[in-house]
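Text of the file my_file_7.pdb, holding PDB, C-alpha atoms:
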```
ATOM      1  CA  MET A 230     -20.057 -21.261  -7.453
ATOM      2  CA  ARG A 231     -20.088 -21.747  -3.678
ATOM      3  CA  GLN A 232     -21.993 -25.002  -3.370
ATOM      4  CA  ASN A 233     -18.836 -26.765  -2.096
ATOM      5  CA  LYS A 234     -18.299 -24.244   0.709
ATOM      6  CA  ASN A 235     -19.734 -25.063   4.125
ATOM      7  CA  ILE A 236     -17.926 -22.269   5.974
ATOM      8  CA  THR A 237     -19.897 -19.013   6.291
ATOM      9  CA  GLU A 238     -17.427 -17.171   8.532
ATOM     10  CA  PHE A 239     -13.775 -17.134   9.539
ATOM     11  CA  VAL A 240     -12.153 -16.587  12.939
ATOM     12  CA  LEU A 241      -9.217 -14.150  12.984
ATOM     13  CA  LEU A 242      -6.605 -14.909  15.646
ATOM     14  CA  GLY A 243      -5.034 -11.468  15.423
ATOM     15  CA  PHE A 244      -1.778 -10.723  17.244
ATOM     16  CA  SER A 245      -2.387 -12.012  20.746
ATOM     17  CA  GLN A 246      -5.013 -13.555  23.005
ATOM     18  CA  ASP A 247      -3.655 -11.759  26.091
ATOM     19  CA  PRO A 248      -6.234  -9.111  27.208
ATOM     20  CA  ASP A 249      -3.534  -6.672  28.372
ATOM     21  CA  VAL A 250      -1.647  -6.951  25.093
ATOM     22  CA  GLN A 251      -4.906  -6.493  23.184
ATOM     23  CA  LYS A 252      -5.671  -3.278  25.087
ATOM     24  CA  ALA A 253      -2.225  -1.884  24.338
ATOM     25  CA  LEU A 254      -2.553  -2.838  20.661
ATOM     26  CA  PHE A 255      -6.033  -1.283  20.557
ATOM     27  CA  VAL A 256      -4.681   2.096  21.682
ATOM     28  CA  MET A 257      -1.691   1.880  19.323
ATOM     29  CA  PHE A 258      -3.675   0.917  16.204
ATOM     30  CA  LEU A 259      -6.478   3.372  16.976
ATOM     31  CA  LEU A 260      -4.016   6.260  17.213
ATOM     32  CA  THR A 261      -2.245   5.030  14.077
ATOM     33  CA  TYR A 262      -5.519   4.912  12.133
ATOM     34  CA  ILE A 263      -6.601   8.384  13.294
ATOM     35  CA  VAL A 264      -3.216   9.892  12.364
ATOM     36  CA  SER A 265      -3.271   8.083   9.008
ATOM     37  CA  MET A 266      -6.761   9.293   8.076
ATOM     38  CA  VAL A 267      -6.275  12.881   9.268
ATOM     39  CA  GLY A 268      -2.869  13.139   7.593
ATOM     40  CA  ASN A 269      -3.836  11.638   4.246
ATOM     41  CA  LEU A 270      -7.164  13.452   3.956
ATOM     42  CA  LEU A 271      -5.459  16.724   4.923
ATOM     43  CA  ILE A 272      -3.013  16.221   2.043
ATOM     44  CA  VAL A 273      -5.869  15.469  -0.362
ATOM     45  CA  VAL A 274      -7.836  18.587   0.641
ATOM     46  CA  THR A 275      -4.727  20.808   0.695
ATOM     47  CA  ILE A 276      -3.574  19.839  -2.794
ATOM     48  CA  ILE A 277      -7.085  20.209  -4.252
ATOM     49  CA  ALA A 278      -7.569  23.613  -2.587
ATOM     50  CA  SER A 279      -4.109  25.025  -3.375
ATOM     51  CA  PRO A 280      -3.506  26.271  -6.954
ATOM     52  CA  SER A 281       0.226  26.516  -6.209
ATOM     53  CA  LEU A 282       0.372  22.723  -5.804
ATOM     54  CA  GLY A 283      -0.605  21.977  -9.381
ATOM     55  CA  SER A 284       2.553  20.194 -10.526
ATOM     56  CA  PRO A 285       2.506  16.489 -11.530
ATOM     57  CA  MET A 286       4.385  15.582  -8.334
ATOM     58  CA  TYR A 287       1.495  16.818  -6.185
ATOM     59  CA  PHE A 288      -1.063  15.205  -8.489
ATOM     60  CA  PHE A 289       0.505  11.808  -7.795
ATOM     61  CA  LEU A 290       0.830  12.591  -4.084
ATOM     62  CA  ASP A 291      -2.861  13.517  -3.979
ATOM     63  CA  CYS A 292      -3.806  10.195  -5.585
ATOM     64  CA  LEU A 293      -1.456   8.239  -3.300
ATOM     65  CA  SER A 294      -2.899   9.871  -0.173
ATOM     66  CA  PHE A 295      -6.478   9.110  -1.234
ATOM     67  CA  VAL A 296      -5.648   5.462  -1.972
ATOM     68  CA  ASP A 297      -3.809   5.181   1.362
ATOM     69  CA  ALA A 298      -6.870   6.512   3.188
ATOM     70  CA  VAL A 299      -9.030   3.816   1.566
ATOM     71  CA  TYR A 300      -6.287   1.225   2.174
ATOM     72  CA  SER A 301      -6.193   2.030   5.910
ATOM     73  CA  THR A 302      -9.990   1.890   6.150
ATOM     74  CA  SER A 303     -10.091  -1.567   4.559
ATOM     75  CA  ILE A 304      -7.812  -2.997   7.269
ATOM     76  CA  SER A 305      -7.579  -0.938  10.467
ATOM     77  CA  PRO A 306     -11.248  -0.611  11.600
ATOM     78  CA  VAL A 307     -11.754  -4.398  11.574
ATOM     79  CA  LEU A 308      -8.430  -4.879  13.369
ATOM     80  CA  ILE A 309      -9.313  -2.252  16.011
ATOM     81  CA  ILE A 310     -12.809  -3.618  16.654
ATOM     82  CA  ASP A 311     -11.536  -7.202  16.884
ATOM     83  CA  LEU A 312      -9.108  -6.193  19.634
ATOM     84  CA  LEU A 313     -12.158  -5.395  21.812
ATOM     85  CA  CYS A 314     -14.040  -8.609  20.999
ATOM     86  CA  ASP A 315     -13.636 -12.025  22.597
ATOM     87  CA  LYS A 316     -14.529 -13.796  19.352
ATOM     88  CA  LYS A 317     -13.005 -12.229  16.265
ATOM     89  CA  THR A 318     -15.140 -13.396  13.344
ATOM     90  CA  ILE A 319     -15.630 -12.156   9.803
ATOM     91  CA  SER A 320     -18.213 -13.443   7.339
ATOM     92  CA  PHE A 321     -17.119 -15.164   4.139
ATOM     93  CA  GLN A 322     -18.462 -12.328   1.978
ATOM     94  CA  ALA A 323     -16.837  -9.636   4.152
ATOM     95  CA  CYS A 324     -13.575 -11.571   4.032
ATOM     96  CA  MET A 325     -13.679 -11.661   0.229
ATOM     97  CA  GLY A 326     -14.531  -7.942   0.137
ATOM     98  CA  GLN A 327     -11.625  -7.091   2.424
ATOM     99  CA  LEU A 328      -9.274  -9.222   0.312
ATOM    100  CA  PHE A 329     -10.408  -7.473  -2.878
ATOM    101  CA  ILE A 330     -10.121  -3.904  -1.543
ATOM    102  CA  ASP A 331      -6.798  -4.632   0.146
ATOM    103  CA  HIS A 332      -5.189  -5.907  -3.053
ATOM    104  CA  LEU A 333      -6.887  -3.234  -5.174
ATOM    105  CA  CYS A 334      -5.368  -0.457  -3.047
ATOM    106  CA  GLY A 335      -2.060  -2.270  -2.605
ATOM    107  CA  GLY A 336      -1.742  -2.891  -6.344
ATOM    108  CA  THR A 337      -2.691   0.707  -7.151
ATOM    109  CA  ASP A 338      -0.098   1.948  -4.646
ATOM    110  CA  ILE A 339       2.595  -0.140  -6.323
ATOM    111  CA  PHE A 340       1.909   1.389  -9.744
ATOM    112  CA  LEU A 341       1.450   4.911  -8.342
ATOM    113  CA  LEU A 342       4.845   4.753  -6.650
ATOM    114  CA  ALA A 343       6.306   3.725 -10.000
ATOM    115  CA  GLY A 344       4.637   6.737 -11.639
ATOM    116  CA  MET A 345       6.024   9.015  -8.927
ATOM    117  CA  ALA A 346       9.524   7.618  -9.505
ATOM    118  CA  TYR A 347       9.223   8.306 -13.236
ATOM    119  CA  ASP A 348       8.038  11.834 -12.462
ATOM    120  CA  ARG A 349      11.108  12.492 -10.268
ATOM    121  CA  CYS A 350      13.382  10.941 -12.882
ATOM    122  CA  VAL A 351      12.068  13.274 -15.595
ATOM    123  CA  ALA A 352      12.167  16.309 -13.261
ATOM    124  CA  ILE A 353      15.829  15.741 -12.391
ATOM    125  CA  CYS A 354      17.189  14.320 -15.663
ATOM    126  CA  LYS A 355      15.224  16.539 -18.101
ATOM    127  CA  PRO A 356      14.178  19.638 -16.112
ATOM    128  CA  LEU A 357      13.754  21.845 -19.197
ATOM    129  CA  HIS A 358      11.288  19.409 -20.782
ATOM    130  CA  TYR A 359       9.567  18.371 -17.528
ATOM    131  CA  LEU A 360       6.207  20.096 -18.019
ATOM    132  CA  THR A 361       6.114  19.032 -21.667
ATOM    133  CA  ILE A 362       6.758  15.359 -20.896
ATOM    134  CA  MET A 363       4.680  15.181 -17.690
ATOM    135  CA  ASN A 364       1.632  16.997 -19.055
ATOM    136  CA  HIS A 365      -1.922  16.503 -17.781
ATOM    137  CA  GLN A 366      -2.722  13.730 -20.283
ATOM    138  CA  VAL A 367       0.367  11.732 -19.249
ATOM    139  CA  CYS A 368      -0.474  12.106 -15.545
ATOM    140  CA  MET A 369      -4.046  10.919 -16.136
ATOM    141  CA  LEU A 370      -2.725   7.989 -18.183
ATOM    142  CA  PHE A 371      -0.474   6.960 -15.300
ATOM    143  CA  LEU A 372      -3.442   7.165 -12.912
ATOM    144  CA  VAL A 373      -5.694   5.076 -15.173
ATOM    145  CA  LEU A 374      -2.940   2.478 -15.637
ATOM    146  CA  ALA A 375      -2.333   2.351 -11.866
ATOM    147  CA  VAL A 376      -6.014   1.818 -11.008
ATOM    148  CA  THR A 377      -6.462  -0.684 -13.858
ATOM    149  CA  GLY A 378      -3.345  -2.579 -12.807
ATOM    150  CA  GLY A 379      -4.522  -2.695  -9.193
ATOM    151  CA  PHE A 380      -8.011  -3.814 -10.242
ATOM    152  CA  LEU A 381      -6.759  -6.625 -12.498
ATOM    153  CA  HIS A 382      -4.313  -7.771  -9.827
ATOM    154  CA  SER A 383      -7.064  -7.853  -7.188
ATOM    155  CA  LEU A 384      -9.598  -9.481  -9.519
ATOM    156  CA  PHE A 385      -7.076 -12.206 -10.323
ATOM    157  CA  GLN A 386      -6.662 -12.951  -6.601
ATOM    158  CA  ILE A 387     -10.351 -12.948  -5.704
ATOM    159  CA  VAL A 388     -11.394 -15.186  -8.615
ATOM    160  CA  PHE A 389      -9.016 -17.915  -7.502
ATOM    161  CA  VAL A 390      -9.868 -17.727  -3.790
ATOM    162  CA  TYR A 391     -13.636 -17.488  -4.305
ATOM    163  CA  SER A 392     -13.612 -20.665  -6.385
ATOM    164  CA  LEU A 393     -11.905 -22.706  -3.645
ATOM    165  CA  PRO A 394     -13.855 -25.069  -1.348
ATOM    166  CA  PHE A 395     -13.656 -24.193   2.367
ATOM    167  CA  CYS A 396     -15.109 -27.078   4.352
ATOM    168  CA  GLY A 397     -12.720 -27.653   7.244
ATOM    169  CA  PRO A 398     -10.954 -25.370   9.721
ATOM    170  CA  ASN A 399     -11.996 -21.723   9.615
ATOM    171  CA  VAL A 400      -9.368 -20.164  11.914
ATOM    172  CA  ILE A 401      -7.097 -17.645  10.144
ATOM    173  CA  ASP A 402      -3.815 -17.010  11.929
ATOM    174  CA  HIS A 403      -3.730 -13.369  10.868
ATOM    175  CA  PHE A 404      -5.391 -10.018  11.638
ATOM    176  CA  PHE A 405      -7.159  -9.760   8.252
ATOM    177  CA  CYS A 406      -8.072 -11.907   5.245
ATOM    178  CA  ASP A 407      -5.036 -12.412   3.035
ATOM    179  CA  MET A 408      -4.098 -14.872   0.301
ATOM    180  CA  TYR A 409      -1.705 -17.314   1.945
ATOM    181  CA  PRO A 410      -3.621 -17.764   5.241
ATOM    182  CA  LEU A 411      -6.793 -18.442   3.207
ATOM    183  CA  LEU A 412      -5.071 -20.895   0.851
ATOM    184  CA  GLU A 413      -3.939 -22.961   3.840
ATOM    185  CA  LEU A 414      -7.596 -23.423   4.890
ATOM    186  CA  ALA A 415      -8.854 -24.615   1.495
ATOM    187  CA  CYS A 416      -9.993 -28.238   1.249
ATOM    188  CA  THR A 417      -7.961 -28.887  -1.887
ATOM    189  CA  ASP A 418      -4.409 -28.719  -3.198
ATOM    190  CA  THR A 419      -3.434 -25.059  -3.613
ATOM    191  CA  TYR A 420       0.119 -25.513  -4.900
ATOM    192  CA  PHE A 421      -0.685 -24.296  -8.420
ATOM    193  CA  ILE A 422      -2.732 -21.361  -7.124
ATOM    194  CA  GLY A 423       0.149 -20.466  -4.826
ATOM    195  CA  LEU A 424       2.479 -20.299  -7.824
ATOM    196  CA  THR A 425       0.037 -18.004  -9.649
ATOM    197  CA  VAL A 426       0.006 -15.724  -6.594
ATOM    198  CA  VAL A 427       3.809 -15.540  -6.738
ATOM    199  CA  LEU A 428       3.667 -14.817 -10.479
ATOM    200  CA  ASN A 429       0.972 -12.199  -9.932
ATOM    201  CA  GLY A 430       1.705 -10.334  -6.700
ATOM    202  CA  GLY A 431       5.328 -11.350  -6.262
ATOM    203  CA  ALA A 432       6.324 -10.685  -9.858
ATOM    204  CA  ILE A 433       4.651  -7.260  -9.875
ATOM    205  CA  CYS A 434       6.528  -6.243  -6.712
ATOM    206  CA  MET A 435       9.881  -7.522  -7.989
ATOM    207  CA  VAL A 436       9.568  -6.013 -11.488
ATOM    208  CA  ILE A 437       8.414  -2.586 -10.287
ATOM    209  CA  PHE A 438      10.980  -2.550  -7.472
ATOM    210  CA  THR A 439      13.755  -3.371  -9.966
ATOM    211  CA  LEU A 440      12.566  -0.593 -12.295
ATOM    212  CA  LEU A 441      12.567   1.816  -9.363
ATOM    213  CA  LEU A 442      16.153   0.900  -8.487
ATOM    214  CA  ILE A 443      17.133   1.485 -12.120
ATOM    215  CA  SER A 444      15.394   4.879 -12.125
ATOM    216  CA  TYR A 445      17.254   5.930  -8.971
ATOM    217  CA  GLY A 446      20.502   4.789 -10.594
ATOM    218  CA  VAL A 447      19.726   7.029 -13.576
ATOM    219  CA  ILE A 448      18.938   9.919 -11.229
ATOM    220  CA  LEU A 449      22.172   9.513  -9.245
ATOM    221  CA  ASN A 450      24.171   9.326 -12.460
ATOM    222  CA  SER A 451      22.558  12.514 -13.809
ATOM    223  CA  LEU A 452      23.374  14.415 -10.596
ATOM    224  CA  LYS A 453      27.058  14.445 -11.557
ATOM    225  CA  THR A 454      26.384  17.499 -13.733
ATOM    226  CA  TYR A 455      24.537  19.369 -10.964
ATOM    227  CA  SER A 456      26.036  21.876  -8.561
ATOM    228  CA  GLN A 457      26.434  20.892  -4.922
ATOM    229  CA  GLU A 458      23.286  22.814  -3.993
ATOM    230  CA  GLY A 459      21.394  21.222  -6.903
ATOM    231  CA  ARG A 460      22.489  17.726  -5.852
ATOM    232  CA  ARG A 461      21.453  18.378  -2.272
ATOM    233  CA  LYS A 462      17.994  19.585  -3.297
ATOM    234  CA  ALA A 463      17.456  16.692  -5.734
ATOM    235  CA  LEU A 464      18.566  14.073  -3.209
ATOM    236  CA  PHE A 465      16.408  15.709  -0.538
ATOM    237  CA  THR A 466      13.373  15.440  -2.824
ATOM    238  CA  CYS A 467      14.026  11.828  -3.819
ATOM    239  CA  SER A 468      14.912  10.593  -0.327
ATOM    240  CA  SER A 469      11.257  10.901   0.743
ATOM    241  CA  HIS A 470      10.137   8.702  -2.130
ATOM    242  CA  ILE A 471      12.918   6.167  -1.500
ATOM    243  CA  THR A 472      11.860   5.886   2.158
ATOM    244  CA  VAL A 473       8.272   5.071   1.188
ATOM    245  CA  VAL A 474       9.410   2.589  -1.478
ATOM    246  CA  VAL A 475      11.624   0.663   0.960
ATOM    247  CA  LEU A 476       8.942   0.513   3.681
ATOM    248  CA  PHE A 477       6.309  -0.643   1.189
ATOM    249  CA  TYR A 478       8.093  -2.938  -1.264
ATOM    250  CA  ILE A 479      10.490  -4.892   0.976
ATOM    251  CA  PRO A 480       7.719  -6.358   3.217
ATOM    252  CA  CYS A 481       5.560  -7.056   0.117
ATOM    253  CA  ILE A 482       8.418  -8.930  -1.540
ATOM    254  CA  PHE A 483       9.061 -10.886   1.671
ATOM    255  CA  ILE A 484       5.406 -11.968   1.870
ATOM    256  CA  TYR A 485       4.602 -12.754  -1.766
ATOM    257  CA  VAL A 486       7.839 -13.850  -3.454
ATOM    258  CA  ARG A 487       7.735 -17.390  -2.056
ATOM    259  CA  PRO A 488       5.557 -20.542  -2.231
ATOM    260  CA  VAL A 489       2.447 -20.792  -0.036
ATOM    261  CA  SER A 490       3.673 -20.685   3.561
ATOM    262  CA  ASN A 491       2.887 -18.774   6.719
ATOM    263  CA  PHE A 492       5.355 -17.664   9.391
ATOM    264  CA  PRO A 493       4.685 -15.893  12.712
ATOM    265  CA  ILE A 494       6.665 -12.865  11.495
ATOM    266  CA  ASP A 495       4.295 -12.433   8.522
ATOM    267  CA  LYS A 496       1.762 -10.505  10.598
ATOM    268  CA  PHE A 497       4.368  -7.986  11.724
ATOM    269  CA  MET A 498       5.769  -7.602   8.199
ATOM    270  CA  THR A 499       2.248  -7.049   6.848
ATOM    271  CA  VAL A 500       1.680  -4.251   9.369
ATOM    272  CA  PHE A 501       4.396  -2.213   7.613
ATOM    273  CA  TYR A 502       2.633  -1.907   4.253
ATOM    274  CA  THR A 503      -0.985  -2.017   5.460
ATOM    275  CA  VAL A 504      -0.812   0.187   8.577
ATOM    276  CA  ILE A 505       2.560   1.892   9.089
ATOM    277  CA  THR A 506       3.332   3.119   5.554
ATOM    278  CA  PRO A 507      -0.093   4.801   4.996
ATOM    279  CA  MET A 508       0.421   6.604   8.319
ATOM    280  CA  LEU A 509       4.006   7.688   7.568
ATOM    281  CA  ASN A 510       3.343   8.998   4.048
ATOM    282  CA  PRO A 511       1.834  12.328   5.257
ATOM    283  CA  PHE A 512       4.841  12.930   7.528
ATOM    284  CA  ILE A 513       7.413  11.914   4.923
ATOM    285  CA  TYR A 514       5.891  14.051   2.179
ATOM    286  CA  THR A 515       4.848  17.111   4.216
ATOM    287  CA  LEU A 516       7.304  17.641   7.073
ATOM    288  CA  ARG A 517      10.203  17.585   4.584
ATOM    289  CA  ASN A 518       8.428  19.695   1.957
ATOM    290  CA  SER A 519       8.224  23.437   2.557
ATOM    291  CA  GLU A 520       5.622  23.956  -0.202
ATOM    292  CA  MET A 521       3.259  21.449   1.402
ATOM    293  CA  ARG A 522       3.822  22.890   4.890
ATOM    294  CA  ASN A 523       3.085  26.417   3.693
ATOM    295  CA  ALA A 524      -0.028  25.304   1.806
ATOM    296  CA  ILE A 525      -1.343  23.440   4.868
ATOM    297  CA  GLU A 526      -0.720  26.458   7.096
ATOM    298  CA  LYS A 527      -2.585  28.734   4.667
ATOM    299  CA  LEU A 528      -5.478  26.283   4.462
ATOM    300  CA  LEU A 529      -5.737  26.010   8.245
ATOM    301  CA  CYS A 530      -5.571  29.783   8.630
ATOM    302  CA  LYS A 531      -8.407  30.210   6.118
ATOM    303  CA  SER A 532     -10.464  27.614   7.989
TER
END
```
File written out as C-alpha cells:
Amino acid sequence: MRQNKNITEFVLLGFSQDPDVQKALFVMFLLTYIVSMVGNLLIVVTIIASPSLGSPMYFFLDCLSFVDAVYSTSISPVLIIDLLCDKKTISFQACMGQLFIDHLCGGTDIFLLAGMAYDRCVAICKPLHYLTIMNHQVCMLFLVLAVTGGFLHSLFQIVFVYSLPFCGPNVIDHFFCDMYPLLELACTDTYFIGLTVVLNGGAICMVIFTLLLISYGVILNSLKTYSQEGRRKALFTCSSHITVVVLFYIPCIFIYVRPVSNFPIDKFMTVFYTVITPMLNPFIYTLRNSEMRNAIEKLLCKS
C-alpha cells in the first residue's frame, strides 16, 4: 500500500547541470540510441526474414537484439529528453515502471547470454551432436527460462521498493530510477533490503558470470584437438560473445555486488550495460560475422 508515501515524483540529477555539457551529452546519447535501435531491429528483421540464419545461434541473437531494443527504450528516451529540460522529474509510477522494465530486460539479458554461451560450448565441444542437443524445443526452453528469470528478478525488486515509504528528499543522483539511489531516499532502514538486492541481482550476476568463465575454459580445453584453422575460427566466433559478456557483466557486478551505497562513478558504470552494450551488440555480432553481413546485404537489396 502507498498510504505512507507523500512523494508523487522524483527529480533526476542526471550527469551534469552545465548547459554546454548537457547539449553535448544530448547529441551523444541521441546518436547512441538511434544506432542502437536501428542496429538491433535490423538484426531482428534480418534473422526472421533469412531462412539461412535458422541455427540456434541466430535464434538467441534474435532474442538478444529484441530485448536490447526494449532495454534501450526503457532508459535512453527519458535520459535524452531530460537533457533538454531544466527540471528533470519523473512520477512515482513512471519511476516504478522504468525500474521494472530495466531489471526485466537486464535479467533476461543475463540469462540469454548464458544460453548463448552454452550454445557455443555445445557447437565447439560436440559439433556432431550440435543440432540434436540444441534442437528447437531446447532453444525455446532457454528463452522461456530467460524471460521467467528476468521477470522474477524484476518482480522481486519492485515489490520491495514499492512497499517502502518515501516521505523526505526526492532527488535521485542518477539518470534513471535504480535500486540503490531509491533505497537511499526511503524513510526507513533499508539495510536488510540492500542485502536482498545483493543476494538477488548480485548473486545472479556472479553465478552466471562464473558459469560463463567455466564454459569458456571447457571450450579452450577442447580446442586442443582442433586444427590451427579450426581453432582460429572457433576463437573468432567466441571472441564476440566474450566481448559482450565483459562489457555487460563487469559493470553489473561492480554495481550490485556490494551493500547499499552510491558513488559518483556508478552513473558512468551503469551507462555501459544500459546504453553502450545494447548499441555495440549489432556491431560485434554483424561486422565480424560474414553470414550476418551477407544476409543484411541481401535484405537491403530486396528492399
- [ ] Could you pull out every residue with an atom within 9 Å of (-3.4, -10.7, 16.5), file coordinates, counting all atoms listed in the file, and send them as a PyMOL selection string?
- [x] chain A and resi 241-246+251+254+308+311-312+402-404+496
Task: Residues matched by the PyMOL selection byres ((chain A and resi 528) around 10), written as a PyMOL selection string - done: chain A and resi 271+274-276+278-279+522-527+529-532
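The closest residue to Phe340 (chain A), picked from A:Ile433, A:Leu384, A:Leu360, A:Ile309 and counting only C-alpha atoms, is A:Ile433.
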Box time for region 416-425 of chain A: axis-aligned, enclosing all its listed atoms, 5 Å extra on each side; report centre and edge lengths in Å to one decimal, as JSON.
```
{"center_x": -3.8, "center_y": -23.4, "center_z": -4.2, "size_x": 22.5, "size_y": 20.9, "size_z": 20.9}
```
TODO: May I ask which of the residues A:Met498, A:Leu428, A:Leu476, A:Val447 is the closest one to Cys354 (chain A), counting only C-alpha atoms?
DONE: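 Looking only at the distances to Cys354 (chain A), the closest residue turns out to be A:Val447.
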TODO: Place a sphere of radius 12 Å on (-8.1, 15.1, 3.2) in the file coordinates and name every protein, DNA or RNA residue with an atom inside or on its surface, counting all atoms listed in the file; give the answer as a PyMOL selection string.
DONE: chain A and resi 264-278+290-299+511+525+528
Restrict the selected residues to C-alpha atoms and save them as a PDB file, keeping the file's coordinate frame.
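The result, stored in out-v7.pdb:
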```pdb
ATOM      1  CA  VAL A 264      -3.216   9.892  12.364  1.00  0.00           C
ATOM      2  CA  SER A 265      -3.271   8.083   9.008  1.00  0.00           C
ATOM      3  CA  MET A 266      -6.761   9.293   8.076  1.00  0.00           C
ATOM      4  CA  VAL A 267      -6.275  12.881   9.268  1.00  0.00           C
ATOM      5  CA  GLY A 268      -2.869  13.139   7.593  1.00  0.00           C
ATOM      6  CA  ASN A 269      -3.836  11.638   4.246  1.00  0.00           C
ATOM      7  CA  LEU A 270      -7.164  13.452   3.956  1.00  0.00           C
ATOM      8  CA  LEU A 271      -5.459  16.724   4.923  1.00  0.00           C
ATOM      9  CA  ILE A 272      -3.013  16.221   2.043  1.00  0.00           C
ATOM     10  CA  VAL A 273      -5.869  15.469  -0.362  1.00  0.00           C
ATOM     11  CA  VAL A 274      -7.836  18.587   0.641  1.00  0.00           C
ATOM     12  CA  THR A 275      -4.727  20.808   0.695  1.00  0.00           C
ATOM     13  CA  ILE A 276      -3.574  19.839  -2.794  1.00  0.00           C
ATOM     14  CA  ILE A 277      -7.085  20.209  -4.252  1.00  0.00           C
ATOM     15  CA  ALA A 278      -7.569  23.613  -2.587  1.00  0.00           C
ATOM     16  CA  LEU A 290       0.830  12.591  -4.084  1.00  0.00           C
ATOM     17  CA  ASP A 291      -2.861  13.517  -3.979  1.00  0.00           C
ATOM     18  CA  CYS A 292      -3.806  10.195  -5.585  1.00  0.00           C
ATOM     19  CA  LEU A 293      -1.456   8.239  -3.300  1.00  0.00           C
ATOM     20  CA  SER A 294      -2.899   9.871  -0.173  1.00  0.00           C
ATOM     21  CA  PHE A 295      -6.478   9.110  -1.234  1.00  0.00           C
ATOM     22  CA  VAL A 296      -5.648   5.462  -1.972  1.00  0.00           C
ATOM     23  CA  ASP A 297      -3.809   5.181   1.362  1.00  0.00           C
ATOM     24  CA  ALA A 298      -6.870   6.512   3.188  1.00  0.00           C
ATOM     25  CA  VAL A 299      -9.030   3.816   1.566  1.00  0.00           C
ATOM     26  CA  PRO A 511       1.834  12.328   5.257  1.00  0.00           C
ATOM     27  CA  ILE A 525      -1.343  23.440   4.868  1.00  0.00           C
ATOM     28  CA  LEU A 528      -5.478  26.283   4.462  1.00  0.00           C
TER      29      LEU A 528
END
```
- [ ] Rank nothing, just name the residue among A:Thr439, A:Thr503, A:Ser519, A:Asn491 nearest to Ala346 (chain A), using only C-alpha atoms.
- [x]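 Among the listed residues, A:Thr439 lies closest to Ala346 (chain A).
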Sort by chain and increasing residue number a table of all residues of region 418-503 of chain A within 10 Å of region 326-336 of chain A, each with its closest pair of atoms and their distance in Å to one decimal, counting all atoms listed in the file, and write it as a Markdown table.
```
| residue | atom | partner | partner_atom | distance |
| --- | --- | --- | --- | --- |
| A:Gly430 | CA | A:Gly336 | CA | 8.2 |
| A:Ile433 | CA | A:Gly336 | CA | 8.5 |
| A:Cys434 | CA | A:Gly336 | CA | 8.9 |
| A:Phe477 | CA | A:Gly335 | CA | 9.3 |
| A:Cys481 | CA | A:Gly335 | CA | 9.4 |
| A:Tyr502 | CA | A:Gly335 | CA | 8.3 |
| A:Thr503 | CA | A:Gly335 | CA | 8.1 |
```
- [ ] Would you write out, as a list in words, every residue that the PyMOL selection byres ((chain A and resi 395-398) around 6) captures in this file?
- [x] Lys234, Asn235, Ile236, Pro394, Asn399, Val400, Ala415 and Cys416 of chain A
- [ ] For Ser469 (chain A), list every protein, DNA or RNA residue within 7 Å, evaluated using all atoms listed in the file, and leave out those in the same chain fewer than 4 positions away; present the list as a list in words.
- [x]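 Non-adjacent residues within range: Val473, Ile513 and Tyr514 of chain A.
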TODO: Between A:Ile482, A:Met286, A:Ile401, A:Ala432, single out the one closest to Asn364 (chain A), counting only C-alpha atoms.
DONE: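 Selected residue with least distance to Asn364 (chain A): A:Met286.
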Open item on the list: My list of candidates is A:Asp495, A:Val475, A:His358, A:Pro306. Which is closest to Leu260 (chain A) when distances are computed with only C-alpha atoms?
Closed with: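 Ranking A:Asp495, A:Val475, A:His358, A:Pro306 by distance to Leu260 (chain A), first place goes to A:Pro306.
Atom pair CA of Leu342 (chain A) / CA of Val474 (chain A): separated by 7.2 Å.
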Open item on the list: Between CA of Phe371 (chain A) and CA of Ile479 (chain A), what distance in Å does the model show, to one decimal?
Closed with: 22.9 Å
